[in-house]
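The next block is my_file-v8.cif, given as mmCIF, C-alpha atoms and all ligand atoms.
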data_entry
loop_
_atom_site.label_atom_id
_atom_site.label_comp_id
_atom_site.auth_asym_id
_atom_site.auth_seq_id
_atom_site.Cartn_x
_atom_site.Cartn_y
_atom_site.Cartn_z
CA MET K 1224 -34.56 30.87 1.76
CA SER K 1225 -33.46 28.08 -0.49
CA SER K 1226 -31.90 28.62 -3.86
CA VAL K 1227 -32.20 26.18 -6.71
CA ILE K 1228 -28.91 25.72 -8.54
CA ASN K 1229 -29.41 25.45 -12.25
CA ILE K 1230 -26.59 23.08 -13.17
CA SER K 1231 -27.11 19.63 -14.64
CA VAL K 1232 -25.17 16.55 -13.63
CA ALA K 1233 -23.64 16.49 -17.12
CA ALA K 1234 -22.44 20.07 -16.66
CA ILE K 1235 -20.81 19.14 -13.34
CA TRP K 1236 -18.96 16.30 -15.05
CA SER K 1237 -17.52 18.75 -17.59
CA LEU K 1238 -16.71 21.30 -14.85
CA LEU K 1239 -14.67 18.64 -13.08
CA GLU K 1240 -12.29 18.62 -16.05
CA GLN K 1241 -10.86 21.78 -14.48
CA VAL K 1242 -9.64 19.81 -11.44
CA THR K 1243 -6.19 18.41 -12.10
CA ASP K 1244 -3.91 15.91 -10.40
CA PRO K 1245 -1.31 17.95 -8.45
CA GLU K 1246 1.35 15.32 -9.20
CA VAL K 1247 0.62 15.05 -12.94
CA PRO K 1248 -0.91 18.47 -13.70
CA VAL K 1249 -1.72 17.70 -17.35
CA LEU K 1250 -4.31 15.14 -16.24
CA SER K 1251 -7.74 16.07 -14.96
CA VAL K 1252 -9.62 13.90 -12.50
CA ILE K 1253 -11.87 12.96 -15.43
CA ASP K 1254 -8.88 11.90 -17.56
CA LEU K 1255 -7.65 9.77 -14.66
CA GLY K 1256 -11.02 8.08 -14.27
CA ILE K 1257 -11.14 8.64 -10.50
CA VAL K 1258 -14.54 10.36 -10.47
CA ARG K 1259 -17.04 7.52 -10.14
CA ASP K 1260 -20.34 9.28 -9.56
CA VAL K 1261 -22.04 12.68 -9.34
CA GLN K 1262 -25.44 13.06 -7.64
CA LEU K 1263 -27.49 16.18 -6.96
CA ARG K 1264 -28.83 16.32 -3.41
CA GLY K 1265 -31.89 18.45 -2.73
CA ASP K 1266 -31.99 22.07 -3.94
CA ASP K 1267 -28.40 23.09 -3.37
CA GLY K 1268 -26.42 19.97 -2.55
CA VAL K 1269 -24.14 17.72 -4.58
CA GLU K 1270 -22.25 14.52 -3.82
CA VAL K 1271 -19.18 13.52 -5.81
CA THR K 1272 -17.72 10.01 -5.41
CA ILE K 1273 -14.03 9.54 -6.09
CA THR K 1274 -11.68 6.59 -5.76
CA PRO K 1275 -7.93 6.78 -5.03
CA THR K 1276 -5.36 5.60 -7.56
CA TYR K 1277 -3.20 4.16 -4.73
CA SER K 1278 -4.07 3.69 -1.02
CA GLY K 1279 -1.36 6.10 0.05
CA CYS K 1280 -1.77 8.64 -2.74
CA PRO K 1281 -1.12 12.00 -1.04
CA ALA K 1282 -2.87 13.86 -3.89
CA MET K 1283 -6.33 12.64 -2.86
CA ASP K 1284 -6.79 15.18 -0.08
CA VAL K 1285 -5.84 18.06 -2.38
CA ILE K 1286 -8.11 16.73 -5.12
CA SER K 1287 -11.05 16.42 -2.69
CA MET K 1288 -10.50 20.00 -1.54
CA GLN K 1289 -10.28 21.32 -5.11
CA ILE K 1290 -13.55 19.60 -6.05
CA ARG K 1291 -15.20 21.11 -2.97
CA MET K 1292 -13.95 24.61 -3.76
CA LEU K 1293 -15.02 24.40 -7.40
CA LEU K 1294 -18.56 23.31 -6.54
CA LEU K 1295 -18.93 25.83 -3.72
CA GLU K 1296 -17.96 28.54 -6.23
CA GLN K 1297 -20.83 27.35 -8.43
CA GLY K 1298 -23.25 28.14 -5.62
CA PHE K 1299 -23.73 24.71 -4.06
CA LYS K 1300 -24.18 24.92 -0.29
CA GLU K 1301 -23.72 21.26 0.62
CA VAL K 1302 -20.78 19.64 -1.13
CA VAL K 1303 -19.89 16.09 -0.12
CA VAL K 1304 -16.84 14.41 -1.63
CA LYS K 1305 -17.01 10.72 -0.80
CA GLN K 1306 -14.16 8.24 -1.25
CA VAL K 1307 -14.81 4.62 -2.19
CA LEU K 1308 -12.23 1.83 -2.54
CA SER K 1309 -14.20 -0.75 -4.49
CA PRO K 1310 -14.18 -1.39 -7.39
CA ALA K 1311 -10.47 -0.60 -7.22
CA TRP K 1312 -9.16 1.97 -9.67
CA THR K 1313 -7.37 0.64 -12.71
CA THR K 1314 -5.30 2.34 -15.40
CA GLY K 1315 -7.91 0.93 -17.80
CA TRP K 1316 -10.20 3.79 -16.65
CA MET K 1317 -7.89 6.47 -18.01
CA SER K 1318 -9.46 8.32 -20.95
CA GLU K 1319 -7.94 8.33 -24.45
CA ALA K 1320 -7.57 12.12 -24.14
CA GLY K 1321 -5.66 11.57 -20.90
CA ARG K 1322 -3.35 9.07 -22.58
CA GLN K 1323 -2.54 11.55 -25.36
CA LYS K 1324 -1.89 14.36 -22.83
CA LEU K 1325 0.49 12.13 -20.87
CA LEU K 1326 2.45 11.25 -24.00
CA ALA K 1327 2.75 14.93 -24.98
CA TYR K 1328 3.95 15.65 -21.43
CA GLY K 1329 6.78 13.09 -21.78
CA ILE K 1330 5.26 10.31 -19.68
CA ALA K 1331 4.57 6.97 -21.38
CA PRO K 1332 0.83 6.29 -21.01
CA PRO K 1333 -0.33 2.92 -19.65
CA ASN K 1334 -0.45 0.26 -22.33
CA GLN K 1335 -3.95 -0.22 -23.70
CA VAL K 1336 -3.75 -3.96 -23.29
CA GLN K 1337 -2.47 -4.55 -19.79
CA GLN K 1338 0.25 -7.15 -19.90
CA VAL K 1339 1.51 -7.56 -16.35
CA CYS K 1340 -1.46 -6.85 -14.07
CA ARG K 1341 -1.34 -10.29 -12.56
CA GLN K 1342 -0.05 -11.82 -9.40
CA GLU K 1343 2.37 -14.45 -10.70
CA LEU K 1344 6.04 -13.88 -10.11
CA PHE K 1345 8.47 -13.31 -12.93
CA ALA K 1346 5.83 -12.17 -15.38
CA PRO K 1347 7.53 -10.77 -18.48
CA HIS K 1348 8.17 -7.06 -18.40
CA GLU K 1349 5.95 -4.90 -20.57
CA ALA K 1350 7.14 -3.52 -23.87
CA VAL K 1351 6.83 0.23 -23.33
CA ALA K 1352 7.35 2.81 -26.08
CA CYS K 1353 9.72 5.71 -25.41
CA PRO K 1354 7.65 8.95 -25.23
CA GLN K 1355 10.53 10.86 -26.87
CA CYS K 1356 11.45 8.80 -29.93
CA GLY K 1357 8.74 6.10 -30.02
CA SER K 1358 11.21 3.20 -29.83
CA TYR K 1359 10.12 -0.01 -28.11
CA HIS K 1360 13.79 -0.70 -27.45
CA THR K 1361 13.49 0.34 -23.80
CA ARG K 1362 14.31 -1.19 -20.44
CA LEU K 1363 12.77 -1.13 -16.97
CA VAL K 1364 14.98 0.64 -14.42
CA SER K 1365 12.60 0.34 -11.46
CA GLU K 1366 8.95 -0.50 -10.92
CA PHE K 1367 8.84 2.35 -8.40
CA GLY K 1368 9.25 5.89 -9.71
CA SER K 1369 8.86 9.50 -8.63
CA THR K 1370 5.24 8.93 -7.54
CA ALA K 1371 3.29 5.80 -6.62
CA CYS K 1372 1.68 5.57 -10.06
CA LYS K 1373 4.86 5.52 -12.16
CA SER K 1374 7.72 3.17 -13.06
CA LEU K 1375 11.10 4.34 -14.27
CA TYR K 1376 12.31 3.30 -17.73
CA GLN K 1377 15.20 4.19 -20.00
CA CYS K 1378 15.27 4.23 -23.80
CA ASN K 1379 18.08 2.17 -25.32
CA ASP K 1380 17.96 4.19 -28.57
CA CYS K 1381 17.78 7.86 -27.56
CA HIS K 1382 19.01 7.05 -23.99
CA GLU K 1383 16.42 9.30 -22.36
CA PRO K 1384 15.15 8.10 -18.97
CA PHE K 1385 11.37 8.38 -18.73
CA ASP K 1386 8.38 7.68 -16.51
CA TYR K 1387 5.80 5.05 -17.43
CA PHE K 1388 2.33 5.41 -15.92
CA LYS K 1389 2.35 1.84 -14.71
CA CYS K 1390 -0.21 -0.88 -15.05
CA HIS K 1391 -2.58 -1.02 -12.09
CA MET B 335 -6.00 -4.08 23.45
CA TYR B 336 -9.25 -2.21 22.94
CA GLN B 337 -11.96 -3.63 25.25
CA PRO B 338 -15.34 -1.93 25.17
CA VAL B 339 -18.49 -3.52 26.57
CA ASN B 340 -19.52 -5.11 23.30
CA THR B 341 -17.16 -8.04 22.77
CA GLN B 342 -18.13 -8.61 19.14
CA ALA B 343 -17.32 -5.01 18.21
CA ALA B 344 -14.09 -5.15 20.25
CA ASN B 345 -12.93 -8.20 18.33
CA LEU B 346 -13.47 -6.49 15.00
CA VAL B 347 -11.75 -3.28 16.14
CA ASN B 348 -8.77 -5.30 17.38
CA TYR B 349 -8.68 -7.26 14.13
CA LEU B 350 -8.59 -4.01 12.14
CA LEU B 351 -5.93 -2.56 14.44
CA HIS B 352 -3.83 -5.68 13.93
CA LEU B 353 -4.07 -5.35 10.13
CA GLY B 354 -3.36 -1.62 10.28
CA ASP B 355 -0.51 -1.95 12.80
CA ASN B 356 1.28 -4.54 10.67
CA ALA B 357 1.22 -2.09 7.77
CA LEU B 358 2.07 1.04 9.76
CA ILE B 359 4.98 -0.40 11.76
CA LEU B 360 6.66 -1.93 8.71
CA SER B 361 6.06 1.31 6.84
CA GLN B 362 7.76 3.30 9.61
CA ARG B 363 10.76 0.92 9.56
CA ASN B 364 11.07 1.09 5.76
CA SER B 365 10.85 4.88 5.84
CA GLU B 366 14.09 4.92 7.87
CA TRP B 367 15.80 4.09 4.56
CA CYS B 368 14.73 7.42 3.08
CA GLY B 369 17.93 9.09 1.94
CA HIS B 370 20.02 6.04 2.96
CA GLY B 371 19.16 3.44 0.28
CA PRO B 372 22.03 1.69 -1.51
CA VAL B 373 21.17 3.39 -4.82
CA LEU B 374 18.68 6.13 -5.61
CA GLU B 375 16.19 3.92 -7.48
CA GLN B 376 15.99 1.43 -4.60
CA ASP B 377 15.78 4.19 -2.01
CA ILE B 378 12.73 5.38 -3.96
CA ALA B 379 11.35 1.83 -4.21
CA ILE B 380 11.46 1.08 -0.48
CA THR B 381 9.91 4.46 0.40
CA ASN B 382 7.17 3.93 -2.23
CA ILE B 383 6.41 0.66 -0.47
CA SER B 384 6.26 2.62 2.80
CA LEU B 385 3.73 4.98 1.26
CA ASP B 386 1.53 2.12 0.06
CA LEU B 387 1.63 0.58 3.54
CA ILE B 388 0.74 3.89 5.22
CA GLY B 389 -2.24 4.15 2.87
CA GLN B 390 -3.39 0.67 3.82
CA ALA B 391 -2.93 1.41 7.53
CA ARG B 392 -5.01 4.59 7.14
CA SER B 393 -7.88 2.65 5.55
CA PHE B 394 -7.95 0.13 8.42
CA TYR B 395 -7.63 2.84 11.10
CA GLN B 396 -10.37 4.99 9.57
CA TYR B 397 -12.71 2.03 9.67
CA ALA B 398 -11.63 1.06 13.21
CA ALA B 399 -12.13 4.66 14.40
CA SER B 400 -15.63 4.77 12.89
CA LEU B 401 -16.56 1.61 14.81
CA GLU B 402 -14.93 2.73 18.04
CA GLY B 403 -16.74 6.09 17.88
CA GLY B 404 -16.15 8.87 20.39
CA ASP B 405 -13.00 10.89 19.78
CA ALA B 406 -11.17 8.11 17.92
CA THR B 407 -9.61 9.07 14.59
CA GLU B 408 -7.02 7.45 12.36
CA ASP B 409 -4.48 9.83 13.91
CA SER B 410 -5.36 9.07 17.52
CA LEU B 411 -5.04 5.36 16.75
CA ALA B 412 -1.60 5.81 15.21
CA TYR B 413 -0.15 8.46 17.52
CA LEU B 414 -1.76 8.00 20.91
CA ARG B 415 -1.57 4.29 21.62
CA GLY B 416 1.23 2.78 23.71
CA GLU B 417 3.14 -0.34 22.69
CA ARG B 418 0.96 -2.74 24.72
CA THR B 419 -2.02 -1.81 22.57
CA TYR B 420 -0.17 -2.23 19.27
CA LEU B 421 -1.05 -5.59 17.73
CA ASN B 422 1.54 -5.97 14.94
CA CYS B 423 3.68 -9.06 14.41
CA LEU B 424 7.12 -8.93 16.03
CA MET B 425 8.96 -9.21 12.71
CA ASN B 426 7.66 -5.87 11.51
CA GLU B 427 9.10 -3.92 14.45
CA LEU B 428 12.64 -5.36 14.30
CA PRO B 429 15.36 -2.88 13.40
CA ASN B 430 16.17 -2.85 9.69
CA GLY B 431 19.64 -4.38 9.90
CA ASP B 432 21.40 -4.19 6.54
CA TRP B 433 19.73 -3.92 3.13
CA GLY B 434 19.63 -7.72 2.83
CA GLN B 435 17.71 -8.09 6.09
CA THR B 436 15.27 -5.35 5.06
CA ILE B 437 14.66 -7.09 1.72
CA MET B 438 14.23 -10.52 3.30
CA ARG B 439 11.66 -9.19 5.79
CA GLN B 440 9.75 -7.36 3.05
CA PHE B 441 9.71 -10.56 1.02
CA PHE B 442 8.40 -12.73 3.91
CA PHE B 443 5.77 -10.16 4.81
CA SER B 444 4.63 -9.29 1.29
CA VAL B 445 4.09 -12.93 0.34
CA TYR B 446 2.04 -13.32 3.55
CA GLN B 447 0.09 -10.12 2.90
CA GLN B 448 -0.73 -11.16 -0.66
CA LEU B 449 -2.20 -14.48 0.53
CA LEU B 450 -4.02 -12.73 3.37
CA TYR B 451 -5.61 -10.02 1.20
CA ASN B 452 -6.60 -12.58 -1.41
CA ALA B 453 -8.45 -14.45 1.36
CA LEU B 454 -10.02 -11.21 2.66
CA LEU B 455 -11.61 -10.57 -0.74
CA GLN B 456 -14.20 -13.11 0.49
CA SER B 457 -14.85 -11.20 3.72
CA ARG B 458 -18.50 -10.74 4.64
CA ASP B 459 -17.56 -7.21 5.74
CA GLU B 460 -17.70 -5.02 2.63
CA THR B 461 -15.21 -2.46 3.92
CA VAL B 462 -12.60 -5.10 4.78
CA ALA B 463 -13.07 -6.72 1.36
CA ALA B 464 -12.74 -3.33 -0.38
CA ILE B 465 -9.52 -2.45 1.47
CA ALA B 466 -8.12 -5.86 0.54
CA GLU B 467 -9.10 -5.42 -3.11
CA LYS B 468 -7.48 -1.98 -3.25
CA SER B 469 -4.30 -3.05 -1.44
CA LEU B 470 -3.78 -6.26 -3.37
CA LYS B 471 -2.62 -4.45 -6.50
CA GLU B 472 0.03 -2.60 -4.50
CA VAL B 473 1.18 -5.71 -2.68
CA THR B 474 1.62 -7.49 -6.00
CA TYR B 475 4.36 -5.01 -6.85
CA HIS B 476 5.93 -5.46 -3.39
CA VAL B 477 6.07 -9.24 -3.81
CA ARG B 478 7.63 -8.95 -7.25
CA TRP B 479 10.20 -6.37 -6.19
CA SER B 480 11.27 -8.16 -3.00
CA SER B 481 11.39 -11.60 -4.67
CA GLU B 482 13.62 -10.27 -7.42
CA TRP B 483 15.96 -8.72 -4.87
CA VAL B 484 16.14 -11.89 -2.76
CA ILE B 485 17.20 -13.75 -5.90
CA ARG B 486 19.63 -11.07 -7.07
CA LEU B 487 21.39 -10.87 -3.71
CA GLY B 488 21.16 -14.57 -2.77
CA ASP B 489 22.50 -15.65 -6.14
CA GLY B 490 24.93 -12.72 -6.25
CA THR B 491 28.42 -12.34 -4.83
CA ASP B 492 29.84 -14.35 -1.92
CA GLU B 493 29.30 -11.31 0.28
CA SER B 494 25.67 -10.72 -0.72
CA HIS B 495 24.90 -14.44 -0.46
CA ALA B 496 26.37 -14.62 3.05
CA ARG B 497 24.36 -11.59 4.14
CA MET B 498 21.10 -12.98 2.76
CA GLU B 499 21.73 -16.29 4.50
CA LYS B 500 22.36 -14.44 7.74
CA ALA B 501 19.14 -12.43 7.26
CA LEU B 502 17.22 -15.64 6.59
CA ASN B 503 18.53 -17.27 9.76
CA MET B 504 17.89 -14.15 11.81
CA LEU B 505 14.30 -13.63 10.62
CA TRP B 506 13.03 -17.18 10.22
CA SER B 507 11.91 -17.64 13.83
CA TYR B 508 9.66 -14.58 13.41
CA THR B 509 7.73 -15.99 10.44
CA GLY B 510 5.65 -18.42 12.53
CA GLU B 511 3.65 -15.64 14.20
CA PHE B 512 1.91 -14.78 10.93
CA PHE B 513 0.13 -18.13 11.06
CA MET B 514 -0.71 -18.41 14.79
CA PRO B 515 -4.16 -16.82 15.14
CA ALA B 516 -4.79 -14.41 18.00
CA GLY B 517 -8.19 -14.49 19.69
CA TYR B 518 -9.57 -11.62 17.61
CA GLU B 519 -8.49 -13.39 14.40
CA THR B 520 -10.27 -16.59 15.38
CA ALA B 521 -13.35 -14.52 16.26
CA ALA B 522 -13.16 -12.67 12.93
CA VAL B 523 -13.01 -15.99 11.06
CA ALA B 524 -16.06 -17.23 12.98
CA GLU B 525 -17.94 -14.08 11.91
CA GLY B 526 -17.00 -14.63 8.27
CA ILE B 527 -15.02 -11.37 8.33
CA GLY B 528 -11.43 -12.48 8.84
CA ALA B 529 -9.04 -14.86 7.11
CA ASP B 530 -7.90 -18.18 8.57
CA VAL B 531 -4.17 -17.46 8.76
CA ALA B 532 -3.17 -21.02 9.68
CA ALA B 533 -4.61 -22.15 6.34
CA LEU B 534 -2.26 -19.79 4.48
CA GLN B 535 0.95 -21.31 5.83
CA GLN B 536 1.44 -24.10 3.34
CA ARG B 537 1.07 -21.88 0.28
CA TRP B 538 3.31 -19.27 1.89
CA MET B 539 5.95 -21.94 2.48
CA GLU B 540 5.75 -23.13 -1.14
CA GLN B 541 6.09 -19.65 -2.58
CA VAL B 542 8.93 -18.69 -0.24
CA ALA B 543 10.76 -21.97 -0.91
CA ALA B 544 10.57 -21.45 -4.69
CA VAL B 545 12.23 -18.04 -4.43
CA LEU B 546 14.84 -19.17 -1.88
CA GLN B 547 15.80 -22.06 -4.16
CA GLU B 548 16.13 -19.73 -7.12
CA ALA B 549 18.29 -17.52 -4.88
CA THR B 550 20.53 -20.53 -4.01
CA LEU B 551 19.64 -20.04 -0.34
CA PRO B 552 18.83 -22.92 2.04
CA VAL B 553 15.13 -23.62 2.54
CA PRO B 554 14.33 -24.03 6.25
CA VAL B 555 12.40 -27.19 7.11
CA ALA B 556 8.89 -26.36 8.28
CA GLY B 557 8.18 -27.16 11.92
CA LYS B 558 11.84 -27.48 12.95
CA THR B 559 12.30 -24.00 14.41
CA TRP B 560 10.91 -22.64 17.67
CA MET B 561 8.83 -19.63 16.68
CA GLN B 562 8.62 -16.25 18.40
CA SER B 563 5.17 -14.87 19.20
CA GLY B 564 3.41 -12.28 21.35
CA GLY B 565 3.27 -9.18 19.16
CA LYS B 566 -0.29 -9.86 18.06
CA GLU B 567 -1.30 -9.88 21.75
CA GLY B 568 0.55 -6.65 22.51
CA LYS B 569 3.66 -8.32 24.00
CA HIS B 570 6.45 -6.70 22.07
CA SER B 571 10.22 -6.60 21.86
CA GLU B 572 12.06 -3.61 23.34
CA HIS B 573 12.37 -2.21 19.81
CA LEU B 574 8.75 -1.11 19.41
CA GLY B 575 8.92 1.44 22.24
CA PHE B 576 11.82 3.25 20.57
CA LEU B 577 10.07 3.19 17.20
CA LEU B 578 6.87 4.67 18.69
CA ALA B 579 8.83 7.28 20.66
CA GLU B 580 10.17 8.63 17.39
CA MET B 581 6.98 8.23 15.36
CA GLN B 582 4.69 9.73 18.02
CA TYR B 583 7.04 12.45 19.27
CA LEU B 584 5.27 15.41 17.71
CA GLN B 585 1.75 14.53 18.88
CA ARG B 586 3.04 13.69 22.36
CA ALA B 587 5.06 16.90 22.70
CA TYR B 588 2.48 19.17 21.04
CA PRO B 589 -0.92 17.48 21.48
CA GLY B 590 -3.32 18.25 18.65
CA ALA B 591 -0.69 19.94 16.47
CA THR B 592 -1.78 20.27 12.84
CA TRP B 593 -0.22 21.64 9.66
ZN ZN A 1 13.84 7.08 -27.04
#

Produce structure tokens that represent the structure in this file.
Amino acid sequence: MSSVINISVAAIWSLLEQVTDPEVPVLSVIDLGIVRDVQLRGDDGVEVTITPTYSGCPAMDVISMQIRMLLLEQGFKEVVVKQVLSPAWTTGWMSEAGRQKLLAYGIAPPNQVQQVCRQELFAPHEAVACPQCGSYHTRLVSEFGSTACKSLYQCNDCHEPFDYFKCH
Amino acid sequence: MYQPVNTQAANLVNYLLHLGDNALILSQRNSEWCGHGPVLEQDIAITNISLDLIGQARSFYQYAASLEGGDATEDSLAYLRGERTYLNCLMNELPNGDWGQTIMRQFFFSVYQQLLYNALLQSRDETVAAIAEKSLKEVTYHVRWSSEWVIRLGDGTDESHARMEKALNMLWSYTGEFFMPAGYETAAVAEGIGADVAALQQRWMEQVAAVLQEATLPVPVAGKTWMQSGGKEGKHSEHLGFLLAEMQYLQRAYPGATW
């Protein structure tokens, strides 16, 4: 007996907003821009294509499992979560809603116009606004932060250290 | 070295293992700094670099395992091979030494990896090109971080300068191996899959020299030093066995253990 699931591709995209990044729980996989494709397969199958933010991102396995669970709960029998590497994820794919959520969470969102995504050495450091007081009078502490996707900054005005979701 | 009946497939598997092993072995070395870095931020930086390299190794091993077939998985390739079948460059398996030596090695390797992955973007093999494209963004940060530290320490105090010069002298004879192609690399170039490493040497030398000069460190003259080799063919220093003994301990003692 085969059942026909009555969910559109568009509805699956909005369902996926419930799946969040375990390392930055205010962001959904849709906000992050890591869901690249959703395809229905036959009567009760679905294939979701995701791409990692970083090669070694340990959150990807958890995210894949959460997507699987969510879609199985909806009645799908065959759920395939496929990972692709190309085109490589970029912070440019993060949604505007995601950027606002990050800011409210106290993490500086990636700059809209990417300034240092290039390979030359000694590129100027980005001007990053402090998520607490809004000042651009901030300094880079380290390009490597608490997770692969963040740099560590400090505000010279309010002195708060903060994470910047770094250019990628 | 992996040697199935089909030589063409064996060459590609060995090429992928070489790329993965370089990343995994350096990652394992860098991870030894976890909890021991000179300051918290740099402890976090070197272990972040480790994580990026593990991710890259996983991508190469997953692809190699899919070609090898049978029971091969990314885990079996990492945990169940002995040192004679590891194909990493000798430099990557050397003990860390002090922070200066760790930085200098990361710098030499990251500059090489950036040139290599840029060349692999042109690979006829879509998976290899995709891994290179993904990894290149990460390596860009590694190059920037390690270059800045070479300059900071080289052009720092008398003590830090002396240590960086010592690291440079110690590591230099291991840099030549990057650019001496192993058989599987030559075969991969012929197939349009691999990168011609010998052709990367001049640009590597220019980029390294620019940073060393900025760091007030002596620039070695190309071609004047006898270069170590063998790692790419599975002939390793005594250090790799100890590294693997620690890294593989759990899967050797409790085969198939999961968590
Ligand atoms: Zn502030």

Using all atoms listed in the file, find which residues of chain K lie within 8 Å of chain B and jot them down as a ChimeraX atom specification. /K:1277-1280,1308-1312,1341-1342,1344-1345,1364-1371,1391

Please check which protein, DNA or RNA residues sit within 12 Å of ligand ZN 1 (chain A), counting all atoms listed in the file, and write them as JSON, numbers by chain. {"K": [1329, 1330, 1331, 1351, 1352, 1353, 1354, 1355, 1356, 1357, 1358, 1359, 1360, 1361, 1362, 1376, 1377, 1378, 1379, 1380, 1381, 1382, 1383, 1384, 1385, 1386]}

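For Leu487 in chain B, the non-local neighbours within 8 Å, defined as residues at least 3 positions apart in the same chain or in other chains and counting all atoms listed in the file, are Gly434, Trp483, Val484, Gly490, Thr491, Ser494, His495, Met498 and Ala549 of chain B.
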
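Interatomic distance, CA of Gly1256 in chain K against CA of Gln1289 in chain K: 16.1 Å.
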
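Restricting the calculation to all atoms listed in the file, the smallest distance between Thr559 in chain B and any of B:Tyr446, B:Phe441, B:Trp506, B:Tyr518 is found for B:Trp506.
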
Need to verify the contact set: Ala522 in chain B, 10 Å, all atoms listed in the file, exclusion of same-chain residues closer than 3 positions in sequence. Can you return it as a VMD selection string? chain B and resid 342 345 to 346 348 to 350 457 516 to 519 525 to 530

Mind dumping the selected residues with C-alpha atoms as a PDB file, in the frame of the given file?
ATOM      1  CA  GLN B 342     -18.130  -8.610  19.140  1.00  0.00           C
ATOM      2  CA  ASN B 345     -12.930  -8.200  18.330  1.00  0.00           C
ATOM      3  CA  LEU B 346     -13.470  -6.490  15.000  1.00  0.00           C
ATOM      4  CA  ASN B 348      -8.770  -5.300  17.380  1.00  0.00           C
ATOM      5  CA  TYR B 349      -8.680  -7.260  14.130  1.00  0.00           C
ATOM      6  CA  LEU B 350      -8.590  -4.010  12.140  1.00  0.00           C
ATOM      7  CA  SER B 457     -14.850 -11.200   3.720  1.00  0.00           C
ATOM      8  CA  ALA B 516      -4.790 -14.410  18.000  1.00  0.00           C
ATOM      9  CA  GLY B 517      -8.190 -14.490  19.690  1.00  0.00           C
ATOM     10  CA  TYR B 518      -9.570 -11.620  17.610  1.00  0.00           C
ATOM     11  CA  GLU B 519      -8.490 -13.390  14.400  1.00  0.00           C
ATOM     12  CA  GLU B 525     -17.940 -14.080  11.910  1.00  0.00           C
ATOM     13  CA  GLY B 526     -17.000 -14.630   8.270  1.00  0.00           C
ATOM     14  CA  ILE B 527     -15.020 -11.370   8.330  1.00  0.00           C
ATOM     15  CA  GLY B 528     -11.430 -12.480   8.840  1.00  0.00           C
ATOM     16  CA  ALA B 529      -9.040 -14.860   7.110  1.00  0.00           C
ATOM     17  CA  ASP B 530      -7.900 -18.180   8.570  1.00  0.00           C
TER      18      ASP B 530
END

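When CA of Thr419 in chain B is paired with CA of Asp459 in chain B, their separation reads 23.5 Å.
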
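A straight line drawn from CA of Ile485 in chain B to CA of Arg497 in chain B is 12.5 Å long.
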